[in-house]
Amino acid sequence: MTVFCCVSGGPHGMEEMLKETGAGMGLLLILLIPIVWALPDVLCTAELAAAIPEEGGYVIWVRRAMGPFWSFVNGWWSWLYTLVDAAIYPVLFATYVSKLLGSTLGIHVFDEKFAHWGLSLFMILVFTTLNVRGTREVGRASVVFAALIIGPFLLFSLIGLGRLAVHPVPIVPSFAFDRGALSAGLSLAMWNYLGWDALSTVAEEVEDPARAYPRAMIGGIGIVTLVYLLPVLTGLAFYPDVSKWIEGAWPDIAEAVAGRWIRVPIAIAGIASVIGLFTSSLLGSSRIPFVLAAERFLPQPLVALHPRFGTPYRALILCGIVFGVLAFGSFTDLVTVNVVLYAAALALELASLLVLRVKEPDLPRPFRIRGGWPVLALVFLMPMLVLGLLVSLSVKEDGWAKQELTGAILVSGPIIYVGVRRWQKTA
């Protein structure tokens, strides 16, 4: 379930994708993106996490395959991506709690900016502390969060399917191609299916990773796809106007399917969603500064482990502080930046998969991608082609100016590496 929470917070975000793309294109993306975008990531992580179960995960793979420069760049891009991405969740948590309290109890105190930030900080403190206690505690919490997320959506989906069995309602999704809509919808779909490599950073803390990772990864992709597909299908049958599928519309959609009583469980699922995503994201992202500090790119105190739990508690605290600062602001429309950064790091991880097949052919691989080099080539090319399509659509729609932030972050990795190496030589 920790894998589920690293990748998915339930179908939250799918409503906005359906609004952007229309029903037909949205359903196609839900079914196609896990194959061409998520599956290569899953297969790569399953093979390398089982073969190299070391703290740091993908940073270690890239270093063994291509050396310290690309290892640092991969870690840097991944850390910046996860910092921005994970910092969104405490803000969303405060927003969802505020809306739930306002709609059910008439309490609006957390609508005020500093109170809203205080609620975000409370969430960061609680679940950073949970992470300090180790992967076992996070795994147990993830089971609870996943049940709170999946349960209400599964329930209203089953109710909807039952109603459709008695009184069939035709679902006739319309297809309309619009370059801007496809760009927005594609980035949202890719965002909802990324994060499979995150738990590789804690492989050393996982019991029997050679068996655990392949099973969890391959099973997880089917679960995530169904968690998206079933609510969308039943929702379209009873709430067919996709122009109303806006962010936060799931309580309205679920009410149309199952009745007003389902609104509160769906709202609670939204809160559990952001908690689960934040907790799992922090679990993975905190190990990156730990590894970079071990390689002398960040201060050495970050390599310290908790004397009782054996976790990199100082790196966790650092991430928690950064999240607390970022949570004071608002984050809008960073999905494309996140996806491109993630894809750039993923390209290095997939390249490492190929290089290690040549460089270390005798490396014991408890899970091995079958099919030889033709299949490995597809594993590398499919997500890169999807990324190329997204960037091309985004540039044509918004111009190169919108890519400046992404470009600056991508360039910062090599610049920092070169600067630190020169400082180390002269120190």
# chains A, B, ... in the order shown; residues from 1 in each chain; ligands from 1
call {"tool": "select_by_dssp", "arguments": {"residues": "range 194-353 of chain A", "states": "alpha helix (DSSP H)", "output": "CSV table (one decimal) with C-alpha atoms, in the first residue's frame"}}
result
chain,number,residue,atom,x,y,z
A,209,PRO,CA,13.4,-6.5,-1.4
A,210,ALA,CA,14.1,-9.1,-4.1
A,211,ARG,CA,10.6,-10.5,-3.7
A,212,ALA,CA,8.8,-7.4,-2.3
A,213,TYR,CA,9.6,-4.9,-5.1
A,214,PRO,CA,8.5,-6.8,-8.2
A,215,ARG,CA,5.3,-8.0,-6.6
A,216,ALA,CA,4.4,-4.6,-5.2
A,217,MET,CA,5.3,-2.7,-8.4
A,218,ILE,CA,3.5,-4.9,-10.9
A,219,GLY,CA,0.5,-5.4,-8.7
A,220,GLY,CA,0.3,-1.7,-8.0
A,221,ILE,CA,0.0,-0.6,-11.6
A,222,GLY,CA,-3.2,-2.6,-12.0
A,223,ILE,CA,-4.7,-1.3,-8.7
A,224,VAL,CA,-3.9,2.3,-9.5
A,225,THR,CA,-5.5,2.0,-13.0
A,226,LEU,CA,-8.7,0.5,-11.6
A,227,VAL,CA,-8.9,3.1,-8.9
A,228,TYR,CA,-8.9,5.8,-11.6
A,229,LEU,CA,-11.0,4.0,-14.2
A,230,LEU,CA,-14.0,2.7,-12.2
A,231,PRO,CA,-15.0,6.0,-10.5
A,232,VAL,CA,-14.6,7.9,-13.8
A,233,LEU,CA,-16.8,5.4,-15.8
A,234,THR,CA,-19.6,5.4,-13.2
A,235,GLY,CA,-19.3,9.1,-12.7
A,236,LEU,CA,-19.7,9.7,-16.4
A,237,ALA,CA,-22.9,7.6,-16.5
A,238,PHE,CA,-24.6,9.8,-13.8
A,250,TRP,CA,-15.8,14.4,-6.6
A,251,PRO,CA,-18.3,14.9,-3.8
A,252,ASP,CA,-20.8,16.2,-6.3
A,253,ILE,CA,-20.1,13.4,-8.8
A,254,ALA,CA,-20.3,10.7,-6.0
A,255,GLU,CA,-23.6,12.2,-4.8
A,256,ALA,CA,-25.1,11.9,-8.3
A,257,VAL,CA,-24.2,8.2,-8.2
A,258,ALA,CA,-24.9,7.1,-4.6
A,263,ARG,CA,-20.2,13.3,0.3
A,264,VAL,CA,-18.4,13.2,3.7
A,265,PRO,CA,-16.6,9.9,3.1
A,266,ILE,CA,-15.4,11.2,-0.3
A,267,ALA,CA,-14.2,14.4,1.4
A,268,ILE,CA,-12.4,12.4,4.0
A,269,ALA,CA,-10.8,10.4,1.2
A,270,GLY,CA,-9.5,13.6,-0.2
A,271,ILE,CA,-7.8,14.4,3.2
A,272,ALA,CA,-6.4,10.9,3.4
A,273,SER,CA,-5.2,11.2,-0.1
A,274,VAL,CA,-2.9,14.2,0.5
A,275,ILE,CA,-1.7,12.7,3.8
A,276,GLY,CA,-0.8,9.4,2.2
A,277,LEU,CA,1.0,11.1,-0.7
A,278,PHE,CA,2.9,13.5,1.6
A,279,THR,CA,4.0,10.7,3.9
A,280,SER,CA,5.2,8.4,1.1
A,281,SER,CA,6.8,11.3,-0.8
A,282,LEU,CA,8.7,12.3,2.3
A,283,LEU,CA,9.9,8.7,2.8
A,284,GLY,CA,11.5,8.7,-0.6
A,285,SER,CA,12.7,12.3,-0.9
A,287,ARG,CA,16.9,9.7,1.4
A,288,ILE,CA,18.2,11.8,-1.5
A,289,PRO,CA,19.9,14.5,0.7
A,290,PHE,CA,21.2,11.6,2.8
A,291,VAL,CA,23.0,10.1,-0.2
A,292,LEU,CA,24.2,13.4,-1.6
A,293,ALA,CA,25.7,14.3,1.9
A,294,ALA,CA,27.4,10.9,1.9
A,313,TYR,CA,16.4,11.8,10.8
A,314,ARG,CA,18.4,15.0,10.1
A,315,ALA,CA,17.6,14.7,6.3
A,316,LEU,CA,13.9,14.2,7.2
A,317,ILE,CA,13.9,17.2,9.5
A,318,LEU,CA,15.6,19.3,6.7
A,319,CYS,CA,12.9,18.3,4.2
A,320,GLY,CA,10.2,19.0,6.8
A,321,ILE,CA,11.6,22.5,7.3
A,322,VAL,CA,11.7,23.2,3.5
A,323,PHE,CA,8.1,21.9,3.2
A,324,GLY,CA,7.0,24.2,6.1
A,325,VAL,CA,8.5,27.3,4.3
A,326,LEU,CA,7.0,26.4,1.0
A,335,VAL,CA,2.2,19.9,-12.9
A,336,THR,CA,4.1,20.2,-16.2
A,337,VAL,CA,7.3,21.3,-14.5
A,338,ASN,CA,7.0,18.3,-12.1
A,339,VAL,CA,6.4,15.9,-15.0
A,340,VAL,CA,9.3,17.1,-17.1
A,341,LEU,CA,11.8,17.1,-14.1
A,342,TYR,CA,10.6,13.6,-13.2
A,343,ALA,CA,10.9,12.4,-16.8
A,344,ALA,CA,14.5,13.8,-17.1
A,345,ALA,CA,15.5,11.9,-14.0
A,346,LEU,CA,13.7,8.8,-15.2
A,347,ALA,CA,15.6,9.0,-18.5
A,348,LEU,CA,18.9,8.6,-16.5
A,349,GLU,CA,17.4,5.7,-14.5
A,350,LEU,CA,16.2,3.9,-17.7
A,351,ALA,CA,19.6,4.5,-19.3
A,352,SER,CA,21.2,3.0,-16.2
A,353,LEU,CA,19.1,-0.1,-16.7
call {"tool": "residues_around", "arguments": {"residues": "range 188-198 of chain A", "least_positions_apart": "6", "cutoff": "7 Å", "atoms": "only C-alpha atoms", "output": "ChimeraX atom specification"}}
result
/A:6-8,17,29-30,33-34,38,41-42,45,284,335,339
call {"tool": "closest_residue", "arguments": {"among": "A:Leu130, A:Ser392, A:Leu376, A:Leu381", "to": "Glu47 in chain A", "atoms": "only C-alpha atoms"}}
result
A:Leu376
call {"tool": "residues_around", "arguments": {"residues": "Leu119 in chain A", "least_positions_apart": "6", "cutoff": "12 Å", "atoms": "only C-alpha atoms", "output": "list in words"}}
result
Tyr89, Pro90, Val91, Leu92, Phe93, Ala94, Thr95, Tyr96, Val97, Ser98, Val109, Phe110, Asp111, Glu112, Lys113, Leu125, Val126, Gly324, Ala327 and Phe328 of chain A
call {"tool": "closest_residue", "arguments": {"among": "A:Val418, A:Leu186, A:Leu387, A:Ala65", "to": "Leu48 in chain A", "atoms": "only C-alpha atoms"}}
result
A:Ala65
call {"tool": "atom_distance", "arguments": {"atom1": "CA of Asn74 in chain A", "atom2": "CA of Leu390 in chain A"}}
result
20.6 Å
call {"tool": "closest_residue", "arguments": {"among": "A:Ala50, A:Leu39, A:Ala115, A:Leu363", "to": "Pro383 in chain A", "atoms": "only C-alpha atoms"}}
result
A:Leu39
call {"tool": "decode", "arguments": {"residues": "range 165-287 of chain A", "atoms": "C-alpha atoms", "output": "compact mmCIF listing (two decimals), in the first residue's frame"}}
result
# COMPACT_ATOMS: atom_id res chain seq x y z
CA ALA A 165 -26.93 -3.26 -14.30
CA VAL A 166 -30.59 -2.63 -13.40
CA HIS A 167 -31.11 0.45 -15.55
CA PRO A 168 -28.37 0.65 -18.21
CA VAL A 169 -27.22 4.13 -19.13
CA PRO A 170 -25.15 4.34 -22.32
CA ILE A 171 -21.73 5.94 -21.90
CA VAL A 172 -20.88 7.44 -25.27
CA PRO A 173 -17.65 9.42 -24.79
CA SER A 174 -17.08 12.08 -27.42
CA PHE A 175 -13.67 12.64 -28.95
CA ALA A 176 -12.49 16.14 -29.76
CA PHE A 177 -8.85 16.99 -30.47
CA ASP A 178 -7.54 20.28 -29.15
CA ARG A 179 -3.78 20.81 -28.82
CA GLY A 180 -3.99 22.88 -25.65
CA ALA A 181 -6.49 20.54 -24.00
CA LEU A 182 -4.38 17.50 -24.89
CA SER A 183 -1.26 19.16 -23.46
CA ALA A 184 -2.98 19.89 -20.14
CA GLY A 185 -4.70 16.51 -20.02
CA LEU A 186 -1.54 14.60 -20.90
CA SER A 187 0.49 16.31 -18.18
CA LEU A 188 -2.23 15.58 -15.60
CA ALA A 189 -2.45 11.93 -16.67
CA MET A 190 1.35 11.53 -16.52
CA TRP A 191 1.42 13.23 -13.11
CA ASN A 192 -1.19 10.81 -11.77
CA TYR A 193 0.91 7.83 -12.91
CA LEU A 194 4.40 8.85 -11.77
CA GLY A 195 6.39 8.03 -8.64
CA TRP A 196 7.03 4.30 -9.02
CA ASP A 197 10.75 4.64 -8.36
CA ALA A 198 10.31 6.61 -5.13
CA LEU A 199 10.45 3.64 -2.76
CA SER A 200 13.68 2.35 -4.30
CA THR A 201 15.48 4.90 -2.10
CA VAL A 202 14.61 2.86 1.02
CA ALA A 203 15.35 -0.60 -0.43
CA GLU A 204 17.92 -1.30 2.28
CA GLU A 205 15.20 -0.89 4.93
CA VAL A 206 12.72 -3.25 3.20
CA GLU A 207 12.52 -6.92 4.18
CA ASP A 208 13.32 -9.26 1.26
CA PRO A 209 13.40 -6.55 -1.44
CA ALA A 210 14.12 -9.14 -4.14
CA ARG A 211 10.57 -10.46 -3.74
CA ALA A 212 8.80 -7.40 -2.34
CA TYR A 213 9.58 -4.88 -5.08
CA PRO A 214 8.55 -6.81 -8.22
CA ARG A 215 5.29 -7.98 -6.64
CA ALA A 216 4.39 -4.59 -5.21
CA MET A 217 5.26 -2.68 -8.39
CA ILE A 218 3.54 -4.92 -10.92
CA GLY A 219 0.46 -5.42 -8.73
CA GLY A 220 0.32 -1.71 -7.96
CA ILE A 221 -0.02 -0.59 -11.56
CA GLY A 222 -3.22 -2.63 -11.99
CA ILE A 223 -4.69 -1.35 -8.72
CA VAL A 224 -3.93 2.30 -9.54
CA THR A 225 -5.48 2.01 -13.01
CA LEU A 226 -8.68 0.48 -11.62
CA VAL A 227 -8.88 3.11 -8.86
CA TYR A 228 -8.91 5.76 -11.61
CA LEU A 229 -11.03 3.97 -14.19
CA LEU A 230 -14.01 2.68 -12.18
CA PRO A 231 -15.02 6.01 -10.53
CA VAL A 232 -14.59 7.86 -13.83
CA LEU A 233 -16.76 5.37 -15.75
CA THR A 234 -19.57 5.35 -13.19
CA GLY A 235 -19.27 9.10 -12.70
CA LEU A 236 -19.68 9.74 -16.42
CA ALA A 237 -22.85 7.63 -16.49
CA PHE A 238 -24.61 9.76 -13.84
CA TYR A 239 -22.72 13.07 -14.11
CA PRO A 240 -22.05 13.27 -17.87
CA ASP A 241 -21.39 17.02 -18.24
CA VAL A 242 -17.57 17.06 -18.14
CA SER A 243 -17.56 20.87 -18.08
CA LYS A 244 -18.59 20.47 -14.41
CA TRP A 245 -15.74 18.06 -13.67
CA ILE A 246 -13.61 20.69 -11.97
CA GLU A 247 -11.06 20.30 -9.18
CA GLY A 248 -12.85 19.21 -6.01
CA ALA A 249 -15.96 17.98 -7.84
CA TRP A 250 -15.79 14.37 -6.61
CA PRO A 251 -18.33 14.88 -3.75
CA ASP A 252 -20.82 16.22 -6.33
CA ILE A 253 -20.07 13.38 -8.76
CA ALA A 254 -20.35 10.74 -6.02
CA GLU A 255 -23.63 12.24 -4.78
CA ALA A 256 -25.09 11.93 -8.27
CA VAL A 257 -24.17 8.23 -8.22
CA ALA A 258 -24.88 7.14 -4.64
CA GLY A 259 -26.73 9.89 -2.81
CA ARG A 260 -25.87 12.74 -0.46
CA TRP A 261 -24.60 10.46 2.34
CA ILE A 262 -21.43 9.69 0.33
CA ARG A 263 -20.21 13.31 0.31
CA VAL A 264 -18.44 13.21 3.71
CA PRO A 265 -16.64 9.88 3.07
CA ILE A 266 -15.42 11.23 -0.28
CA ALA A 267 -14.22 14.45 1.42
CA ILE A 268 -12.38 12.36 4.03
CA ALA A 269 -10.85 10.36 1.19
CA GLY A 270 -9.46 13.63 -0.18
CA ILE A 271 -7.81 14.40 3.17
CA ALA A 272 -6.41 10.87 3.45
CA SER A 273 -5.17 11.19 -0.13
CA VAL A 274 -2.90 14.17 0.52
CA ILE A 275 -1.67 12.72 3.84
CA GLY A 276 -0.77 9.43 2.18
CA LEU A 277 0.95 11.13 -0.74
CA PHE A 278 2.89 13.47 1.55
CA THR A 279 4.01 10.70 3.91
CA SER A 280 5.18 8.41 1.13
CA SER A 281 6.82 11.27 -0.80
CA LEU A 282 8.73 12.34 2.31
CA LEU A 283 9.86 8.75 2.84
CA GLY A 284 11.49 8.69 -0.59
CA SER A 285 12.67 12.28 -0.94
CA SER A 286 14.44 12.42 2.44
CA ARG A 287 16.90 9.71 1.39
